[in-house]
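Heads up, query-v9.txt below (compact mmCIF, C-alpha atoms):
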```txt
# COMPACT_ATOMS: atom_id res chain seq x y z
CA MET D 94 184.60 102.25 -18.78
CA MET D 95 185.75 102.20 -15.15
CA LYS D 96 184.98 99.13 -13.07
CA PRO D 97 182.74 99.69 -10.01
CA GLN D 98 184.70 100.14 -6.80
CA PHE D 99 184.22 97.36 -4.24
CA HIS D 100 185.28 96.66 -0.68
CA SER D 101 183.91 94.71 2.27
CA GLY D 102 184.23 94.19 6.00
CA LYS D 103 182.58 93.04 9.21
CA VAL D 104 181.97 94.59 12.63
CA SER D 105 180.38 93.34 15.87
CA TRP D 106 179.00 95.13 18.92
CA ARG D 107 177.26 93.98 22.08
CA SER D 108 174.87 96.60 23.44
CA PRO D 109 172.75 96.39 26.59
CA ALA D 110 169.13 97.09 27.31
CA ASN D 111 168.21 99.81 29.78
CA ILE D 112 165.40 100.42 32.23
CA ALA D 113 163.86 103.89 32.23
CA LEU D 114 163.48 105.53 35.64
CA ILE D 115 161.96 108.77 34.33
CA LYS D 116 159.77 107.46 31.54
CA TYR D 117 159.75 108.29 27.85
CA TRP D 118 156.07 108.44 26.88
CA GLY D 119 154.93 110.76 24.15
CA LYS D 120 156.94 112.08 21.22
CA LYS D 121 156.99 114.68 18.47
CA PRO D 122 157.71 114.17 14.76
CA GLY D 123 161.28 113.14 13.96
CA GLN D 124 161.56 110.87 16.99
CA ILE D 125 161.84 113.85 19.36
CA PRO D 126 160.72 113.20 22.96
CA SER D 127 157.96 115.25 24.57
CA THR D 128 159.85 115.07 27.86
CA PRO D 129 163.40 114.10 28.91
CA SER D 130 163.90 110.54 30.16
CA LEU D 131 166.55 108.96 32.39
CA SER D 132 167.59 105.31 32.53
CA MET D 133 169.91 102.80 34.13
CA THR D 134 171.88 100.65 31.70
CA LEU D 135 171.79 96.90 32.35
CA SER D 136 174.62 94.39 32.18
CA ARG D 137 173.50 90.85 31.28
CA SER D 138 170.51 91.74 29.10
CA TYR D 139 172.03 92.66 25.75
CA THR D 140 171.91 92.25 21.98
CA HIS D 141 174.92 90.94 20.09
CA CYS D 142 174.94 92.33 16.54
CA THR D 143 177.34 91.41 13.74
CA VAL D 144 177.13 93.27 10.43
CA ALA D 145 178.96 91.95 7.37
CA TYR D 146 178.94 94.43 4.53
CA ASP D 147 180.19 95.09 1.07
CA VAL D 148 180.18 98.35 -0.84
CA ARG D 149 179.75 98.72 -4.59
CA SER D 150 179.86 102.15 -6.19
CA ASP D 151 177.24 101.07 -8.77
CA ARG D 152 174.67 99.96 -6.16
CA THR D 153 171.89 102.57 -5.84
CA ARG D 154 169.86 101.23 -2.89
CA SER D 155 171.04 99.33 0.16
CA GLU D 156 170.42 95.59 0.27
CA ILE D 157 169.63 94.12 3.68
CA ILE D 158 169.40 90.54 4.93
CA LEU D 159 168.55 90.11 8.61
CA TYR D 160 168.86 87.10 10.90
CA PHE D 161 167.64 86.87 14.48
CA ASN D 162 168.89 84.09 16.75
CA GLY D 163 170.24 82.21 13.74
CA GLN D 164 166.98 82.28 11.75
CA PRO D 165 165.53 84.71 9.20
CA ALA D 166 164.14 87.57 11.26
CA PRO D 167 160.38 87.88 11.84
CA GLU D 168 158.71 90.21 9.38
CA SER D 169 157.89 92.90 11.96
CA PHE D 170 161.50 93.10 13.19
CA ALA D 171 162.92 92.91 9.66
CA SER D 172 160.71 95.69 8.32
CA LYS D 173 161.54 97.98 11.25
CA THR D 174 165.26 97.40 10.71
CA ILE D 175 165.04 97.96 6.96
CA ASP D 176 163.06 101.18 7.51
CA PHE D 177 165.72 102.30 9.99
CA ILE D 178 168.58 101.81 7.54
CA HIS D 179 166.63 103.49 4.75
CA THR D 180 166.09 106.46 7.09
CA LEU D 181 169.84 106.62 7.66
CA GLU D 182 170.37 106.75 3.88
CA ASN D 183 168.75 110.20 3.95
CA ILE D 184 171.56 111.35 6.27
CA PHE D 185 174.45 109.32 4.86
CA SER D 186 173.79 108.87 1.16
CA SER D 187 176.81 106.53 0.88
CA LEU D 188 174.78 103.83 2.65
CA ARG D 189 172.86 103.34 -0.59
CA HIS D 190 175.93 101.59 -1.97
CA PHE D 191 176.01 98.99 0.83
CA ALA D 192 174.76 95.42 1.12
CA PHE D 193 174.31 94.34 4.73
CA SER D 194 174.05 90.89 6.24
CA ILE D 195 172.96 91.48 9.85
CA HIS D 196 173.03 88.76 12.51
CA THR D 197 171.60 89.54 15.94
CA PHE D 198 170.77 87.55 19.03
CA ASN D 199 169.51 88.53 22.46
CA SER D 200 170.79 87.21 25.77
CA PHE D 201 167.25 87.43 27.18
CA PRO D 202 163.95 85.86 26.11
CA HIS D 203 161.41 87.76 24.06
CA SER D 204 158.63 89.52 26.04
CA ALA D 205 160.59 89.28 29.29
CA GLY D 206 159.92 92.84 30.39
CA ILE D 207 163.04 94.16 28.69
CA ALA D 208 162.83 96.70 25.88
CA SER D 209 164.60 94.69 23.19
CA SER D 210 164.37 97.54 20.68
CA ALA D 211 166.75 99.58 22.88
CA SER D 212 169.48 96.94 22.84
CA SER D 213 168.94 95.80 19.24
CA MET D 214 168.79 99.25 17.65
CA SER D 215 171.69 100.58 19.70
CA ALA D 216 173.81 97.55 18.77
CA LEU D 217 173.02 98.06 15.09
CA ALA D 218 173.64 101.80 15.33
CA LEU D 219 177.04 101.17 16.92
CA CYS D 220 177.93 98.80 14.08
CA ILE D 221 176.87 101.31 11.44
CA THR D 222 178.76 104.11 13.20
CA SER D 223 181.87 101.90 13.17
CA ILE D 224 181.40 101.18 9.46
CA LEU D 225 180.91 104.87 8.61
CA SER D 226 184.04 105.68 10.61
CA GLU D 227 186.06 103.03 8.79
CA THR D 228 184.87 104.15 5.36
CA GLY D 229 185.65 107.80 6.06
CA ASP D 230 182.03 108.98 5.99
CA LEU D 231 182.27 110.68 9.41
CA PRO D 232 184.50 113.60 10.41
CA GLU D 233 187.72 112.54 12.12
CA ASN D 234 186.87 114.50 15.27
CA HIS D 235 183.31 113.23 15.68
CA ASP D 236 182.12 111.98 19.08
CA PHE D 237 181.64 108.27 18.36
CA LEU D 238 179.09 107.47 21.09
CA GLN D 239 177.15 110.66 20.51
CA THR D 240 176.90 109.81 16.82
CA ALA D 241 175.79 106.26 17.66
CA SER D 242 173.18 107.63 20.08
CA PHE D 243 171.89 110.01 17.41
CA LEU D 244 171.53 107.16 14.92
CA ALA D 245 170.05 104.74 17.48
CA ARG D 246 167.33 107.27 18.36
CA LEU D 247 166.04 107.12 14.80
CA GLY D 248 165.46 103.38 15.19
CA SER D 249 164.07 103.43 18.74
CA GLY D 250 163.96 106.39 21.08
CA SER D 251 165.05 104.43 24.15
CA ALA D 252 167.99 103.00 22.17
CA ALA D 253 169.64 106.43 22.32
CA ARG D 254 170.28 105.85 26.03
CA SER D 255 171.76 102.34 25.66
CA VAL D 256 175.04 103.47 24.11
CA TYR D 257 176.24 104.63 27.54
CA GLY D 258 176.91 102.70 30.72
CA GLY D 259 175.62 103.63 34.15
CA TYR D 260 172.91 106.28 33.92
CA SER D 261 172.02 108.37 30.88
CA LEU D 262 169.53 111.06 29.94
CA TRP D 263 167.82 111.74 26.63
CA GLY D 264 165.95 114.98 26.01
CA LYS D 265 166.78 118.65 26.29
CA THR D 266 166.66 120.01 29.84
CA SER D 267 168.29 122.95 31.57
CA LEU D 268 169.14 120.56 34.41
CA VAL D 269 171.89 118.77 32.44
CA GLU D 270 174.55 120.52 30.41
CA ASN D 271 174.81 119.45 26.74
CA SER D 272 171.54 117.49 26.93
CA SER D 273 169.72 117.17 23.62
CA ASP D 274 166.51 115.90 22.04
CA GLU D 275 168.63 114.29 19.30
CA TYR D 276 170.91 112.08 21.38
CA ALA D 277 171.45 110.91 24.94
CA VAL D 278 174.21 112.01 27.29
CA PRO D 279 175.88 110.06 30.12
CA LEU D 280 175.35 111.25 33.68
CA SER D 281 178.51 111.62 35.73
CA ASN D 282 177.30 113.17 38.99
CA ILE D 283 176.13 109.86 40.48
CA HIS D 284 176.66 108.90 44.12
CA PRO D 285 178.68 105.65 44.49
CA VAL D 286 175.76 103.88 46.19
CA PHE D 287 173.79 103.96 42.93
CA MET D 288 176.65 102.40 40.95
CA GLU D 289 176.12 99.13 42.83
CA TYR D 290 172.47 98.35 42.02
CA GLY D 291 170.75 95.16 40.97
CA ASP D 292 167.70 94.70 38.75
CA ALA D 293 165.62 91.54 39.19
CA ILE D 294 163.26 91.38 36.21
CA LEU D 295 160.14 89.47 37.25
CA VAL D 296 158.42 87.93 34.24
CA VAL D 297 154.73 87.97 35.09
CA SER D 298 153.61 87.32 31.52
CA SER D 299 155.33 86.73 28.18
CA ALA D 300 152.13 87.28 26.18
CA THR D 301 152.14 89.86 23.39
CA LYS D 302 150.99 93.29 24.52
CA GLU D 303 147.53 94.38 23.38
CA ILE D 304 148.95 97.65 22.03
CA SER D 305 152.40 98.64 20.77
CA SER D 306 154.50 101.31 22.41
CA SER D 307 154.36 103.35 19.20
CA SER D 308 150.57 103.39 19.36
CA GLY D 309 150.73 104.34 23.02
CA HIS D 310 153.04 107.27 22.26
CA ALA D 311 150.59 108.49 19.61
CA LEU D 312 147.72 108.57 22.11
CA MET D 313 149.63 111.17 24.15
CA HIS D 314 149.11 113.75 21.39
CA THR D 315 145.50 114.26 22.46
CA HIS D 316 145.73 113.04 26.05
CA TYR D 317 143.76 115.13 28.55
CA PHE D 318 146.72 115.01 30.95
CA GLY D 319 149.40 115.52 28.29
CA GLU D 320 150.45 119.04 29.31
CA GLY D 321 150.41 118.11 32.97
CA ARG D 322 152.65 115.14 32.25
CA ILE D 323 155.25 117.44 30.67
CA ARG D 324 155.39 119.58 33.81
CA GLN D 325 155.39 116.52 36.09
CA ALA D 326 158.24 114.80 34.24
CA GLY D 327 160.38 117.93 34.49
CA ALA D 328 159.78 118.24 38.23
CA ARG D 329 160.50 114.57 38.86
CA MET D 330 163.65 114.71 36.74
CA GLU D 331 165.02 117.45 39.00
CA LEU D 332 164.18 115.44 42.13
CA LEU D 333 165.71 112.23 40.76
CA LEU D 334 168.93 113.91 39.62
CA ASN D 335 169.25 115.34 43.12
CA ALA D 336 168.64 111.94 44.73
CA LEU D 337 171.17 110.24 42.43
CA SER D 338 173.85 112.80 43.19
CA LYS D 339 173.32 112.73 46.98
CA GLY D 340 172.78 108.98 47.44
CA GLU D 341 169.21 109.41 48.73
CA GLU D 342 167.88 105.89 48.21
CA HIS D 343 164.45 106.31 49.76
CA MET D 344 163.77 109.40 47.65
CA PHE D 345 165.00 107.42 44.62
CA SER D 346 162.50 104.65 45.41
CA GLU D 347 159.61 107.08 45.79
CA ILE D 348 160.25 108.89 42.52
CA VAL D 349 160.93 105.76 40.47
CA GLU D 350 157.81 103.99 41.70
CA ASN D 351 155.60 107.03 41.11
CA GLU D 352 156.96 107.29 37.57
CA ALA D 353 156.09 103.66 36.86
CA LEU D 354 152.56 104.07 38.19
CA THR D 355 152.10 107.33 36.28
CA LEU D 356 153.11 105.64 33.03
CA HIS D 357 150.37 103.05 33.42
CA ALA D 358 147.85 105.62 34.66
CA LEU D 359 148.46 107.54 31.43
CA MET D 360 147.78 104.37 29.47
CA MET D 361 144.57 103.63 31.34
CA SER D 362 143.32 107.21 30.94
CA SER D 363 144.10 107.43 27.21
CA GLU D 364 141.26 107.49 24.69
CA PRO D 365 140.87 104.62 24.16
CA GLY D 366 142.34 103.44 27.43
CA PHE D 367 144.23 100.18 27.74
CA PHE D 368 145.56 97.93 30.49
CA LEU D 369 148.93 96.19 30.49
CA PHE D 370 148.97 95.11 34.15
CA GLN D 371 148.11 91.51 34.97
CA PRO D 372 146.66 90.50 38.36
CA GLU D 373 150.07 89.11 39.29
CA THR D 374 151.63 92.51 38.50
CA ILE D 375 149.57 94.13 41.26
CA SER D 376 150.44 91.31 43.66
CA VAL D 377 154.17 91.73 42.99
CA LEU D 378 153.99 95.50 43.52
CA LYS D 379 152.16 95.08 46.82
CA LYS D 380 154.66 92.51 48.06
CA ILE D 381 157.61 94.76 47.22
CA LYS D 382 156.03 97.63 49.16
CA GLU D 383 155.32 95.33 52.12
CA PHE D 384 158.88 93.99 52.05
CA ARG D 385 160.27 97.53 52.14
CA VAL D 386 158.10 98.44 55.14
CA GLN D 387 158.99 95.25 57.02
CA THR D 388 162.77 95.40 56.37
CA SER D 389 163.45 99.12 55.82
CA LEU D 390 165.59 98.06 52.85
CA PRO D 391 165.58 100.65 50.02
CA VAL D 392 164.14 98.39 47.31
CA ALA D 393 162.01 99.87 44.55
CA PHE D 394 159.93 98.71 41.61
CA THR D 395 159.58 100.10 38.14
CA ILE D 396 157.72 98.86 35.06
CA ASP D 397 158.05 99.59 31.38
CA ALA D 398 155.15 99.44 28.92
CA GLY D 399 154.14 95.90 29.85
CA PRO D 400 153.11 93.72 32.81
CA ASN D 401 156.56 92.69 34.03
CA VAL D 402 158.23 94.22 37.06
CA HIS D 403 161.81 95.39 37.64
CA LEU D 404 162.88 95.12 41.28
CA LEU D 405 165.75 97.56 41.88
CA TYR D 406 167.90 97.08 44.96
CA PRO D 407 171.36 97.86 46.39
CA LEU D 408 173.73 94.96 45.78
CA ARG D 409 174.80 95.15 49.42
CA ASN D 410 171.34 93.75 50.24
CA ARG D 411 171.46 91.01 47.62
CA LYS D 412 171.19 88.10 50.09
CA GLU D 413 167.96 89.37 51.63
CA VAL D 414 166.47 90.27 48.25
CA MET D 415 167.24 86.83 46.77
CA GLN D 416 165.50 85.16 49.70
CA PHE D 417 162.51 87.46 49.23
CA ILE D 418 162.30 86.69 45.50
CA ALA D 419 162.52 82.94 46.05
CA SER D 420 159.84 82.82 48.73
CA GLU D 421 157.41 85.55 47.70
CA LEU D 422 157.86 86.64 44.10
CA GLU D 423 158.92 83.57 42.10
CA PRO D 424 155.50 81.90 42.61
CA LEU D 425 153.86 84.93 40.96
CA CYS D 426 156.12 84.78 37.89
CA GLU D 427 155.22 82.87 34.73
CA ASN D 428 156.90 79.47 35.11
CA ARG D 429 158.78 81.02 38.07
CA GLN D 430 160.89 82.91 35.51
CA TRP D 431 162.92 85.99 36.38
CA ILE D 432 166.17 87.54 35.13
CA ASP D 433 169.03 88.40 37.43
CA ASP D 434 170.64 91.60 36.15
CA GLU D 435 172.39 94.70 37.46
CA ILE D 436 173.76 98.06 36.41
CA GLY D 437 176.19 97.78 33.50
CA MET D 438 179.06 99.73 32.03
CA GLY D 439 177.73 100.00 28.48
CA PRO D 440 178.38 98.54 25.03
CA VAL D 441 181.45 96.56 24.01
CA LYS D 442 183.00 96.29 20.55
CA LEU D 443 183.77 92.65 19.82
CA PRO D 444 186.48 91.01 17.72
CA GLU D 445 185.47 90.55 14.09
CA GLU D 446 185.54 86.77 14.33
CA VAL D 447 182.88 86.73 17.09
```

Structure rendered as C-alpha cells:
Amino acid sequence: MMKPQFHSGKVSWRSPANIALIKYWGKKPGQIPSTPSLSMTLSRSYTHCTVAYDVRSDRTRSEIILYFNGQPAPESFASKTIDFIHTLENIFSSLRHFAFSIHTFNSFPHSAGIASSASSMSALALCITSILSETGDLPENHDFLQTASFLARLGSGSAARSVYGGYSLWGKTSLVENSSDEYAVPLSNIHPVFMEYGDAILVVSSATKEISSSSGHALMHTHYFGEGRIRQAGARMELLLNALSKGEEHMFSEIVENEALTLHALMMSSEPGFFLFQPETISVLKKIKEFRVQTSLPVAFTIDAGPNVHLLYPLRNRKEVMQFIASELEPLCENRQWIDDEIGMGPVKLPEEV
C-alpha cells in the first residue's frame, strides 16, 4: 500500500482596502455585479495574511483554522472564510487535500469606515493563488493578479478590485477593454493629478451597522429604482472615466459625491428602508461642501455602506486639509478618531518569515 503524499509550505501577502467611487450595490447570483464599479486602492489600510498549509493526498475535505489579530477569529468571520475556501474547492478540487492555518491582522480598527472584507478576502485570495501556482494547479501562463481577483470576488465582491493598485474597475462595460463581471481590471488611462490623492477617513461611529451589506444588496432585487440605478451607474461611469483621464477634479468631486448620496438614498428607499447616516455624518458632509466653496479646493466626500466619511483631496493641498480636519472635522469624529490614508500601489508579497 502506497503511503499518502505529503508536503507543506507558507505564504504571506499584504493587501489593501479600497474605496469605491462608482458604487457596487446590487448583485446577481454567482457574485456577479448588477452594475460596474470603480475604486481607488488605499495604502496604509491593509490586511496582512499568512497561510501555512500542508497537503495530504488522503485528506478528502480541507481543514481550516483561522486567527484574527492573534486570537481565534470571531465566528462570523471564520464561517465566511471557511465558506469561501469550500467554494474554491468546487473550482480547484485539489484544495480538498489541504489543511490551512490562516493568520490575519488589519492595520486599521474594526468599523472604521473601511471595507475590511475587501482587504481580508483579497489578501487570502492572493495567498491561495500563490499556493496553487506553487503546487502546479494553475496553468503556467495564467495571469496571476487576474486569477487572484477572480478568486477574491467569490469571497467579497469589492475584494476583486483590491488586487490592483491605483484605480480599478469591476464589471463588464463597453467603456473599458477586457472588463469582466468575473474579475477586476486595472485602469491605466489616469491623469497624473489623480495619482497623488489623499483619503482622510473620518470615523463618525464604530457601532455595528443595523443591516449587513449582503442584506442591502438583496433588497436591490425588488427595488423600485433598481432599473434606473443600472442606467445611472453606467452614465456616471462614463463621466468619471472621462474626468479621471483628463484631470478634471471638480467633475470628479461632483460625480463621486452624487454616487455616495445615491447609495444611501437607495438604502433609505428600499423596502424596508434603513438609515446608516448618523447626525454627525450630515454635519461632516455639510462642512466639506462649505470648505470647498470657501477655498475653491477640489476636495470631495464619499461614503461606503456605513456612517463614516472619506474625505478625498489632492496631496498638494494637504496642509490646508489637515488644518481643516483638526479645526472642523475632528470634533465630529468618535473620540476625535480619523485615519490618514492615500492612494496606494497595490498588494505586496511578503517574505515567508513575516

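Of the residues under consideration (D:Ala113, D:Cys426, D:Val269, D:Cys142), D:Ala113 shows the shortest atom-to-atom contact distance to Ser251 (chain D) when counting only C-alpha atoms.
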
Contact residues around Ser155 (chain D) with only C-alpha atoms at 6 Å, ignoring same-chain residues under 5 positions, as a ChimeraX atom specification: /D:189-192

Create the file for the chosen residues now, containing C-alpha atoms and written as a tab-separated table (two decimals), in the coordinates of the input.
```
chain	number	residue	atom	x	y	z
D	189	ARG	CA	172.86	103.34	-0.59
D	190	HIS	CA	175.93	101.59	-1.97
D	191	PHE	CA	176.01	98.99	0.83
D	192	ALA	CA	174.76	95.42	1.12
```

Counting all atoms listed in the file, which residues have an atom no more than 9 Å from (175.6, 101.1, 45.0) in the file's coordinates? Please list them as a ChimeraX atom specification. /D:284-291,340,406-409

Near region 176-185 of chain D, counting all atoms listed in the file, which residues have an atom at most 7 Å away, once you skip same-chain residues fewer than 3 positions from it, shown as a VMD selection string? chain D and resid 172 to 173 188 to 189 247 to 248

Save the residues we just selected, C-alpha atoms, as a compact mmCIF listing (two decimals), keeping the file's coordinate frame?
```txt
# COMPACT_ATOMS: atom_id res chain seq x y z
CA SER D 172 160.71 95.69 8.32
CA LYS D 173 161.54 97.98 11.25
CA LEU D 188 174.78 103.83 2.65
CA ARG D 189 172.86 103.34 -0.59
CA LEU D 247 166.04 107.12 14.80
CA GLY D 248 165.46 103.38 15.19
```

What does the distance between CA of Leu425 (chain D) and CA of Met133 (chain D) come to in Å, to one decimal place? 25.0 Å

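Here CA of Leu131 (chain D) stands at a distance of 5.0 Å from CA of Ile115 (chain D).
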
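Summary of the local environment: counting only C-alpha atoms, residues at most 8 Å from Ile396 (chain D), other than itself and those fewer than 6 positions away along its chain, are D:Gly206, D:Ala353, D:Leu354, D:Val402, D:His403.
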
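The space between CA of Pro365 (chain D) and CA of Ala252 (chain D) spans 27.2 Å.
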
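Ranking D:Tyr160, D:Phe243, D:Tyr139, D:Phe201 by their shortest atom-to-atom distance to Asn111 (chain D), with only C-alpha atoms included, puts D:Tyr139 first.
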
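Minimum atom-to-atom distances from D:Val392, D:Ile294, D:Ala110, D:Ile304 to Ser215 (chain D) were compared using only C-alpha atoms, and the lowest value belongs to D:Ala110.
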
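If you measure from each of D:Arg385, D:Ala241, D:Ser169, D:Glu352 to Ala328 (chain D) using all atoms listed in the file, the closest one turns out to be D:Glu352.
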
Would you list the contacts of Glu303 (chain D) as a VMD selection string, taking every protein, DNA or RNA residue within 10 Å and counting all atoms listed in the file, but skipping same-chain residues closer than 6 positions in sequence? chain D and resid 367 to 369 399

Take the residues just selected and output them with C-alpha atoms as a PDB file, keeping the file's coordinate frame.
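What ended up in part_21.pdb:
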```
ATOM      1  CA  PHE D 367     144.230 100.180  27.740  1.00  0.00           C
ATOM      2  CA  PHE D 368     145.560  97.930  30.490  1.00  0.00           C
ATOM      3  CA  LEU D 369     148.930  96.190  30.490  1.00  0.00           C
ATOM      4  CA  GLY D 399     154.140  95.900  29.850  1.00  0.00           C
TER       5      GLY D 399
END
```

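Minimum atom-to-atom distance to Pro122 (chain D), evaluated using all atoms listed in the file, belongs to D:His314 out of D:His141, D:His314, D:Arg149, D:Lys265.
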
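Minimum distance to Met313 (chain D) across D:Met360, D:Ile283, D:Val278, D:Ile348 (counting all atoms listed in the file) occurs at D:Met360.
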
Could you give me, as a short mmCIF file (atom, residue, chain, number, x, y, z; two decimals) with C-alpha atoms, in the frame of the given file, the residues that have an atom at most 6 Å away from the point (170.3, 116.4, 24.0) in the coordinates of the file, using only C-alpha atoms?
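See part19.cif below for the written result:
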```
data_model
loop_
_atom_site.label_atom_id
_atom_site.label_comp_id
_atom_site.auth_asym_id
_atom_site.auth_seq_id
_atom_site.Cartn_x
_atom_site.Cartn_y
_atom_site.Cartn_z
CA TRP D 263 167.82 111.74 26.63
CA GLY D 264 165.95 114.98 26.01
CA LYS D 265 166.78 118.65 26.29
CA SER D 272 171.54 117.49 26.93
CA SER D 273 169.72 117.17 23.62
CA ASP D 274 166.51 115.90 22.04
CA GLU D 275 168.63 114.29 19.30
CA TYR D 276 170.91 112.08 21.38
CA ALA D 277 171.45 110.91 24.94
#
```

Wanna dump the region 200-246 of chain D-region 101-109 of chain D contacts at 8 Å for me, each residue with its shortest atom pair and the distance in Å to one decimal, counting only C-alpha atoms, ordered by chain and number, as CSV?
```
residue,atom,partner,partner_atom,distance
D:Ala211,CA,D:Pro109,CA,7.7
D:Ser212,CA,D:Pro109,CA,5.0
D:Ser213,CA,D:Ser108,CA,7.3
D:Ser215,CA,D:Ser108,CA,6.3
D:Ala216,CA,D:Ser108,CA,4.9
D:Leu217,CA,D:Trp106,CA,7.7
D:Leu219,CA,D:Trp106,CA,6.7
D:Cys220,CA,D:Val104,CA,6.0
D:Ser223,CA,D:Val104,CA,7.3
D:Ile224,CA,D:Val104,CA,7.3
```

If we count all atoms listed in the file, what is near Ala293 (chain D) at a cut-off of 7 Å, once residues fewer than 2 positions away on the same chain are taken out, given as a PyMOL selection string? chain D and resi 291+295+403-405+431-434
